[in-house]
There are 4 protein chains.
Amino acid sequence: MTQLSELLPAEHPLAGCDDLIDQLRECGRLFHSRGWSVGTSSNYSVVLGNDPVELIVTASGRDKGRLERNDFVHVGADGCAIEPDQPKSSAETMLHVVLAEQPGIGCILHTHSIWGTLLSDYFFEDGGIEFSGYEMLKGLEGIKTHESVHWIPIFENTQDILLLAEKVKACLSDIDQPLTHGFLIRKHGLYTWGRDVFAARRHIEIYEFLFECTARKMSLPEKISGQD
Amino acid sequence: MTQLSELLPAEHPLAGCDDLIDQLRECGRLFHSRGWSVGTSSNYSVVLGNDPVELIVTASGRDKGRLERNDFVHVGADGCAIEPDQPKSSAETMLHVVLAEQPGIGCILHTHSIWGTLLSDYFFEDGGIEFSGYEMLKGLEGIKTHESVHWIPIFENTQDILLLAEKVKACLSDIDQPLTHGFLIRKHGLYTWGRDVFAARRHIEIYEFLFECTARKMSLPEKISGQD
Amino acid sequence: MTQLSELLPAEHPLAGCDDLIDQLRECGRLFHSRGWSVGTSSNYSVVLGNDPVELIVTASGRDKGRLERNDFVHVGADGCAIEPDQPKSSAETMLHVVLAEQPGIGCILHTHSIWGTLLSDYFFEDGGIEFSGYEMLKGLEGIKTHESVHWIPIFENTQDILLLAEKVKACLSDIDQPLTHGFLIRKHGLYTWGRDVFAARRHIEIYEFLFECTARKMSLPEKISGQD
Amino acid sequence: MTQLSELLPAEHPLAGCDDLIDQLRECGRLFHSRGWSVGTSSNYSVVLGNDPVELIVTASGRDKGRLERNDFVHVGADGCAIEPDQPKSSAETMLHVVLAEQPGIGCILHTHSIWGTLLSDYFFEDGGIEFSGYEMLKGLEGIKTHESVHWIPIFENTQDILLLAEKVKACLSDIDQPLTHGFLIRKHGLYTWGRDVFAARRHIEIYEFLFECTARKMSLPEKISGQD
């Protein structure tokens with residue numbers, strides 16, 4: 001499914017990472033076609049190492065439906081490009097960095113869908129959204145039964161990404177309700193992750209499905225027994 | 001429309017079944033693009049024999065939008081792989097087995113759509129959904145007129161697939177209201193089947209159409225005569 | 001955009017009509033991808049002559065998203081295949097025939113969408129649907145301004161296609177409100193036409209747009225002045 | 001992603017502009033697939049110069065999902081083709097011309113979506129639509145924070161395009177509330193622009209996202225604290 005272009009040349013900072021990059025490009029094509037990554041919104045990364053953090057992350061302002069191999073940046077723990085003369089990385093790179101510090105996270109994906117935007121506002125005052133009883137929950141890593149209750153927290157949106165990154169970091173180690181699979185940012189969208197691109201992409205599809213179910217369920221009329 | 005990959009090699013347990021497998025792969029691409037098989041949900045099978053049952057069924061945990069030829073397993077009447085060292089078959093394989101025991105069933109397809117998920121919950125207490133008057137009903141095998149009343153039962157969801165398979169089996173031979181073309185599992189999705197992949201795929205499209213019609217009809221305002 | 005397959009062989013009754021057939025196949029791919037021709041519903045024709053009527057029409061029961069060149073039948077004024085040993089033509093062929101008798105009609109297309117199905121039922125008792133004020137109306141042949149009022153009648157569904165064809169024929173020559181661009185069949189779908197495939201396909205897109213607008217408009221809340 | 005066809009021959013008035021034209025063709029394919037440019041609606045242009053204005057604009061009545069390289073016209077400040085024997089340009093060409101007169105505008109795009117059509121009517125009496133708090137607003141050139149309030153005005157629809165062009169021109173230099181990124185025409189659709197095709201296309205995606213958010217938000221039930 002990958003649209004081939006030239007392999008990155010040997011002198012490029014990301015030479016040899018073509019396959020990982022192509023997996024992110026394919027995510028971009030899928031998410032853009034779904035309407036979850038339009039208008040150059042969203043950003044995606046793969047983790048090359050977590051001690052210290054090294055990431056490949058989408059450059060800022062690119063059309064996610066037609067990413068080229070050189071639309072990515074190699075960044076370090078400070079969120080800055082490791083090599084000189086690279087494109088600017090996504091403004092939200094530090095969110096990727098704090099997630100990449102966690103063990104077992106190989107890929108971080110952010111989408112910006114209609115339903116994610118609306119529900120993150122609708123449920124903001126509740127602090128998050130609770131999903132329960134859906135078979136689809138089993139697509140989230142480690143969940144074995146539909147008889148599960150899953151909570152996704154919602155953070156207030158801000159342009160101060162360092163501050164938000166700190167809040168996310170604190171939430172990841174929260175004792176009562178640790179952040180496990182993903183979070184929403186108000187009127188902004190979803191962050192989720194996984195051990196590799198396959199798992200993170202599956203989590204995006206699961207959450208976007210649950211968002212759409214939740215929103216569409218609210219538009220159904222109240223059930224009157226025996227109604228058809 | 002089939003994206004070609006290498007034919008399965010002669011030593012593969014499914015060597016020679018490439019065409020049947022490609023038909024299921026094409027179902028996967030279509031259903032994933034529709035949003036009916038996202039997040040590695042859904043499973044599909046073709047029946048090689050029914051006495052004893054032999055099936056080709058999707059392996060567990062695969063992305064249905066980009067199935068490869070070796071993402072399938074050859075299973076027997078016990079739902080287990082016939083040959084050693086094969087991938088794990090779908091957790092719901094025994095539902096395919098009890099359906100494959102029926103005469104005239106050549107393909108079984110399961111989708112997991114938004115509307116199937118929502119309606120299977122909305123109408124759960126009614127025991128099923130009744131469709132009538134739709135021309136589209138004629139796409140279900142054997143239905144000759146829109147002036148038909150068609151019932152699709154809804155089963156409670158469970159992780160005990162053997163138990164659910166027994167319930168489905170009993171329902172298939174129910175005298176008052178036999179299970180004819182398909183069933184829903186609550187907050188989970190649709191199972192339907194046909195004499196071949198073409199017929200089963202048509203049934204998926206018919207049911208998903210009827211689900212969407214039913215749900216969207218509920219969101220229309222009450223009709224006041226003369227309104228436009 | 002046309003997926004090429006072998007040209008029809010010289011001995012085929014439709015040899016030489018490959019280009020017209022490919023235009024209908026492309027309609028099928030588009031309409032199926034939109035969800036307007038799923039489950040083998042819909043049928044399409046091009047008019048080869050109207051005195052006497054000669055048509056190329058889709059064979060019965062084909063998947064409209066992947067029509068092959070030999071999924072079409074050459075029929076005459078009686079709706080029957082002109083040559084022996086041809087596939088059965090669509091059950092609704094006689095609707096195509098009465099339309100093909102009209103001057104200036106080169107192509108007839110029928111779709112079976114969710115909104116067409118729902119609105120044809122919702123407005124059935126009104127006898128049709130009135131559209132006005134939409135710029136999109138200008139896509140209907142001969143309409144020059146959005147300040148137009150366009151009426152599309154709705155017929156009761158029936159399996160007696162000959163009877164329905166008679167009613168359509170009468171309506172085409174109705175003096176008060178002649179049938180101009182298309183009609184709906186209750187809980188069934190849309191028929192429209194044009195001087196060629198391009199025009200008929202445009203009419204399908206226009207009507208389906210107007211149906212969706214009409215239905216979604218009904219789901220918006222009542223406007224309160226100053227509301228945002 | 002561009003479907004290649006023959007380069008325009010040397011004697012064609014647009015010879016050498018193939019790349020700009022292909023960028024517009026790709027917009028057409030995308031917007032048609034989204035349902036924003038169906039039924040030959042919409043029109044697109046690139047600006048070759050603004051003193052005097054020179055544009056490449058879509059010819060009238062073309063299917064935007066499959067534009068060919070010769071479906072475009074080279075027009076001047078009067079909106080007329082510069083060379084003889086060219087296809088008729090879009091009826092709305094003069095709207096493109098008044099926009100092309102502005103400094104820094106390299107591309108003008110018009111879409112005709114369901115939500116654009118409905119909201120332009122719903123909010124017509126308010127004079128426009130206000131968007132605030134959405135992260136997606138940052139996709140509009142020059143907007144740096146979600147804490148922005150963005151206003152898109154709505155003009156009454158008319159077939160007198162010269163009159164409408166005058167109104168748009170006046171609005172562009174309005175002191176209190178200048179027209180910055182785009183406008184709606186009632187029951188008709190969206191005009192937006194950018195310094196190049198990339199920027200204008202991004203603006204289309206941003207506005208269409210905001211329209212859909214705004215419309216779908218209205219269909220959610222009123223929030224009751226603690227509700228899930």
# chains A, B, ... in the order shown; residues from 1 in each chain; ligands from 1
$ closest_atom_pairs --of "chain A" --to "chain B" --cutoff "8 Å" --atoms "only C-alpha atoms" --output "CSV"
residue,atom,partner,partner_atom,distance
A:Gly133,CA,B:Lys187,CA,7.0
A:Tyr134,CA,B:Lys187,CA,5.3
A:Glu135,CA,B:His188,CA,5.1
A:Met136,CA,B:His188,CA,7.0
A:Gly139,CA,B:Gly39,CA,6.2
A:Thr145,CA,B:Gln159,CA,6.5
A:His146,CA,B:Thr158,CA,7.8
A:Arg201,CA,B:Gly39,CA,7.9
A:Arg202,CA,B:Gly39,CA,4.6
A:His203,CA,B:Gly39,CA,6.9
A:Ile204,CA,B:Gly39,CA,7.9
A:Glu205,CA,B:Gly39,CA,5.1
A:Ile206,CA,B:Gly39,CA,5.4
A:Phe209,CA,B:Ile114,CA,7.1
A:Glu212,CA,B:Ile114,CA,7.3
A:Cys213,CA,B:Ile114,CA,5.8
A:Lys217,CA,B:Leu118,CA,6.6
A:Ser219,CA,B:Ser219,CA,6.8
A:Leu220,CA,B:Ser219,CA,6.2
A:Pro221,CA,B:Met218,CA,6.7
A:Lys223,CA,B:Tyr122,CA,7.0
A:Ser225,CA,B:Asp126,CA,7.4
A:Gly226,CA,B:Asp126,CA,6.1
A:Asp228,CA,B:Glu130,CA,7.3
$ residues_around --residues "stretch 175-184 of chain A" --least-positions-apart "6" --cutoff "7 Å" --atoms "only C-alpha atoms" --output "ChimeraX atom specification"
/A:120,152-155,190-193
$ select_by_dssp --residues "stretch 24-177 of chain A" --states "alpha helix (DSSP H)" --output "PyMOL selection string"
chain A and resi 24-34+93-100+114-122+161-172
$ closest_residue --among "B:Leu67, B:Leu172, B:Leu163, B:Val98" --to "B:Val47" --atoms "only C-alpha atoms"
B:Val98
$ atom_distance --atom1 "atom CA of A:Glu101" --atom2 "atom CA of A:Asn50"
5.2 Å
$ residues_around --residues "B:Val53" --least-positions-apart "4" --cutoff "10 Å" --atoms "only C-alpha atoms" --output "ChimeraX atom specification"
/B:47-49,75-79,96-102
$ atom_distance --atom1 "atom CA of D:Ser90" --atom2 "atom CA of D:Ser45"
9.9 Å
$ atom_distance --atom1 "atom CA of D:Asp85" --atom2 "atom CA of D:Asp160"
24.9 Å
$ decode --residues "stretch 108-226 of chain B" --atoms "C-alpha atoms" --output "PDB file, in the first residue's frame"
ATOM      1  CA  ILE B 108     -19.237 -16.599   7.057  1.00  0.00           C
ATOM      2  CA  LEU B 109     -18.500 -12.914   7.616  1.00  0.00           C
ATOM      3  CA  HIS B 110     -18.494 -10.859  10.789  1.00  0.00           C
ATOM      4  CA  THR B 111     -18.374  -7.054  10.845  1.00  0.00           C
ATOM      5  CA  HIS B 112     -18.220  -4.651  13.740  1.00  0.00           C
ATOM      6  CA  SER B 113     -19.743  -1.374  12.608  1.00  0.00           C
ATOM      7  CA  ILE B 114     -20.844   1.725  14.507  1.00  0.00           C
ATOM      8  CA  TRP B 115     -24.513   1.207  13.674  1.00  0.00           C
ATOM      9  CA  GLY B 116     -24.389  -2.548  14.335  1.00  0.00           C
ATOM     10  CA  THR B 117     -22.823  -1.826  17.714  1.00  0.00           C
ATOM     11  CA  LEU B 118     -25.393   0.821  18.631  1.00  0.00           C
ATOM     12  CA  LEU B 119     -28.538  -0.916  17.378  1.00  0.00           C
ATOM     13  CA  SER B 120     -27.594  -4.260  18.931  1.00  0.00           C
ATOM     14  CA  ASP B 121     -27.687  -2.429  22.254  1.00  0.00           C
ATOM     15  CA  TYR B 122     -30.683  -0.212  21.531  1.00  0.00           C
ATOM     16  CA  PHE B 123     -32.928  -3.122  20.534  1.00  0.00           C
ATOM     17  CA  PHE B 124     -31.392  -5.719  22.846  1.00  0.00           C
ATOM     18  CA  GLU B 125     -34.399  -5.902  25.142  1.00  0.00           C
ATOM     19  CA  ASP B 126     -36.670  -6.500  22.167  1.00  0.00           C
ATOM     20  CA  GLY B 127     -34.589  -9.570  21.341  1.00  0.00           C
ATOM     21  CA  GLY B 128     -33.859  -8.409  17.804  1.00  0.00           C
ATOM     22  CA  ILE B 129     -34.724  -5.966  15.061  1.00  0.00           C
ATOM     23  CA  GLU B 130     -37.577  -6.212  12.582  1.00  0.00           C
ATOM     24  CA  PHE B 131     -37.149  -4.797   9.080  1.00  0.00           C
ATOM     25  CA  SER B 132     -40.091  -4.438   6.726  1.00  0.00           C
ATOM     26  CA  GLY B 133     -41.056  -2.689   3.541  1.00  0.00           C
ATOM     27  CA  TYR B 134     -37.534  -2.027   2.304  1.00  0.00           C
ATOM     28  CA  GLU B 135     -36.736  -2.936  -1.298  1.00  0.00           C
ATOM     29  CA  MET B 136     -33.205  -3.645  -0.054  1.00  0.00           C
ATOM     30  CA  LEU B 137     -34.552  -6.729   1.781  1.00  0.00           C
ATOM     31  CA  LYS B 138     -34.625  -8.466  -1.594  1.00  0.00           C
ATOM     32  CA  GLY B 139     -30.844  -8.669  -1.410  1.00  0.00           C
ATOM     33  CA  LEU B 140     -31.195 -11.291   1.317  1.00  0.00           C
ATOM     34  CA  GLU B 141     -31.184 -14.740  -0.311  1.00  0.00           C
ATOM     35  CA  GLY B 142     -34.681 -16.059  -0.996  1.00  0.00           C
ATOM     36  CA  ILE B 143     -36.593 -12.834  -0.264  1.00  0.00           C
ATOM     37  CA  LYS B 144     -38.637 -11.925  -3.337  1.00  0.00           C
ATOM     38  CA  THR B 145     -40.564  -8.821  -2.335  1.00  0.00           C
ATOM     39  CA  HIS B 146     -40.200  -5.681  -0.257  1.00  0.00           C
ATOM     40  CA  GLU B 147     -43.469  -6.709   1.385  1.00  0.00           C
ATOM     41  CA  SER B 148     -41.525  -8.990   3.691  1.00  0.00           C
ATOM     42  CA  VAL B 149     -40.898  -8.860   7.395  1.00  0.00           C
ATOM     43  CA  HIS B 150     -37.384  -9.868   8.350  1.00  0.00           C
ATOM     44  CA  TRP B 151     -36.167 -10.489  11.891  1.00  0.00           C
ATOM     45  CA  ILE B 152     -32.553 -10.464  13.017  1.00  0.00           C
ATOM     46  CA  PRO B 153     -32.024 -11.705  16.588  1.00  0.00           C
ATOM     47  CA  ILE B 154     -29.596 -10.153  19.077  1.00  0.00           C
ATOM     48  CA  PHE B 155     -27.523 -12.261  21.453  1.00  0.00           C
ATOM     49  CA  GLU B 156     -25.971 -10.967  24.679  1.00  0.00           C
ATOM     50  CA  ASN B 157     -22.236 -10.485  24.302  1.00  0.00           C
ATOM     51  CA  THR B 158     -19.933 -12.854  26.184  1.00  0.00           C
ATOM     52  CA  GLN B 159     -16.307 -13.958  26.187  1.00  0.00           C
ATOM     53  CA  ASP B 160     -17.540 -17.575  26.518  1.00  0.00           C
ATOM     54  CA  ILE B 161     -17.650 -18.262  22.798  1.00  0.00           C
ATOM     55  CA  LEU B 162     -18.498 -21.964  23.250  1.00  0.00           C
ATOM     56  CA  LEU B 163     -21.616 -21.005  25.177  1.00  0.00           C
ATOM     57  CA  LEU B 164     -22.594 -18.439  22.547  1.00  0.00           C
ATOM     58  CA  ALA B 165     -21.968 -20.992  19.791  1.00  0.00           C
ATOM     59  CA  GLU B 166     -24.388 -23.379  21.519  1.00  0.00           C
ATOM     60  CA  LYS B 167     -27.053 -20.656  21.690  1.00  0.00           C
ATOM     61  CA  VAL B 168     -26.590 -19.829  18.026  1.00  0.00           C
ATOM     62  CA  LYS B 169     -26.826 -23.537  17.149  1.00  0.00           C
ATOM     63  CA  ALA B 170     -30.092 -23.873  19.076  1.00  0.00           C
ATOM     64  CA  CYS B 171     -31.463 -20.780  17.379  1.00  0.00           C
ATOM     65  CA  LEU B 172     -30.583 -22.140  13.928  1.00  0.00           C
ATOM     66  CA  SER B 173     -33.020 -25.018  14.511  1.00  0.00           C
ATOM     67  CA  ASP B 174     -35.642 -23.025  16.399  1.00  0.00           C
ATOM     68  CA  ILE B 175     -39.078 -23.991  15.088  1.00  0.00           C
ATOM     69  CA  ASP B 176     -40.961 -20.740  15.743  1.00  0.00           C
ATOM     70  CA  GLN B 177     -38.404 -18.237  14.528  1.00  0.00           C
ATOM     71  CA  PRO B 178     -35.391 -19.927  12.981  1.00  0.00           C
ATOM     72  CA  LEU B 179     -32.242 -17.935  12.455  1.00  0.00           C
ATOM     73  CA  THR B 180     -32.057 -17.511   8.694  1.00  0.00           C
ATOM     74  CA  HIS B 181     -29.566 -14.936   7.429  1.00  0.00           C
ATOM     75  CA  GLY B 182     -27.673 -13.382  10.302  1.00  0.00           C
ATOM     76  CA  PHE B 183     -27.543 -12.295  13.926  1.00  0.00           C
ATOM     77  CA  LEU B 184     -26.197  -9.475  16.058  1.00  0.00           C
ATOM     78  CA  ILE B 185     -24.160  -9.695  19.248  1.00  0.00           C
ATOM     79  CA  ARG B 186     -24.823  -6.885  21.713  1.00  0.00           C
ATOM     80  CA  LYS B 187     -22.410  -3.939  21.472  1.00  0.00           C
ATOM     81  CA  HIS B 188     -20.288  -6.137  19.272  1.00  0.00           C
ATOM     82  CA  GLY B 189     -21.549  -6.625  15.726  1.00  0.00           C
ATOM     83  CA  LEU B 190     -23.011  -8.705  12.924  1.00  0.00           C
ATOM     84  CA  TYR B 191     -22.616 -12.278  11.713  1.00  0.00           C
ATOM     85  CA  THR B 192     -24.020 -13.268   8.352  1.00  0.00           C
ATOM     86  CA  TRP B 193     -23.252 -15.885   5.728  1.00  0.00           C
ATOM     87  CA  GLY B 194     -24.022 -17.188   2.254  1.00  0.00           C
ATOM     88  CA  ARG B 195     -23.371 -20.033  -0.129  1.00  0.00           C
ATOM     89  CA  ASP B 196     -20.161 -18.294  -1.251  1.00  0.00           C
ATOM     90  CA  VAL B 197     -18.116 -15.159  -0.547  1.00  0.00           C
ATOM     91  CA  PHE B 198     -20.146 -13.146  -3.042  1.00  0.00           C
ATOM     92  CA  ALA B 199     -23.450 -13.932  -1.286  1.00  0.00           C
ATOM     93  CA  ALA B 200     -22.105 -13.422   2.239  1.00  0.00           C
ATOM     94  CA  ARG B 201     -20.530 -10.105   1.273  1.00  0.00           C
ATOM     95  CA  ARG B 202     -23.830  -8.994  -0.272  1.00  0.00           C
ATOM     96  CA  HIS B 203     -25.583  -9.891   3.008  1.00  0.00           C
ATOM     97  CA  ILE B 204     -23.112  -7.758   4.961  1.00  0.00           C
ATOM     98  CA  GLU B 205     -23.854  -4.809   2.682  1.00  0.00           C
ATOM     99  CA  ILE B 206     -27.624  -5.355   2.975  1.00  0.00           C
ATOM    100  CA  TYR B 207     -27.636  -5.583   6.756  1.00  0.00           C
ATOM    101  CA  GLU B 208     -25.294  -2.633   7.228  1.00  0.00           C
ATOM    102  CA  PHE B 209     -27.557  -0.613   4.909  1.00  0.00           C
ATOM    103  CA  LEU B 210     -30.636  -1.609   6.911  1.00  0.00           C
ATOM    104  CA  PHE B 211     -28.908  -0.771  10.208  1.00  0.00           C
ATOM    105  CA  GLU B 212     -27.939   2.684   8.969  1.00  0.00           C
ATOM    106  CA  CYS B 213     -31.444   3.306   7.596  1.00  0.00           C
ATOM    107  CA  THR B 214     -32.997   2.255  10.879  1.00  0.00           C
ATOM    108  CA  ALA B 215     -30.703   4.440  12.972  1.00  0.00           C
ATOM    109  CA  ARG B 216     -30.917   7.504  10.753  1.00  0.00           C
ATOM    110  CA  LYS B 217     -34.678   7.182  10.489  1.00  0.00           C
ATOM    111  CA  MET B 218     -34.839   7.514  14.271  1.00  0.00           C
ATOM    112  CA  SER B 219     -33.050  10.868  14.040  1.00  0.00           C
ATOM    113  CA  LEU B 220     -35.584  12.373  11.633  1.00  0.00           C
ATOM    114  CA  PRO B 221     -38.237  14.547  13.259  1.00  0.00           C
ATOM    115  CA  GLU B 222     -41.788  13.300  13.502  1.00  0.00           C
ATOM    116  CA  LYS B 223     -43.600  13.890  10.221  1.00  0.00           C
ATOM    117  CA  ILE B 224     -46.247  16.548  10.196  1.00  0.00           C
ATOM    118  CA  SER B 225     -48.451  16.277   7.126  1.00  0.00           C
ATOM    119  CA  GLY B 226     -47.529  18.836   4.490  1.00  0.00           C
TER     120      GLY B 226
END
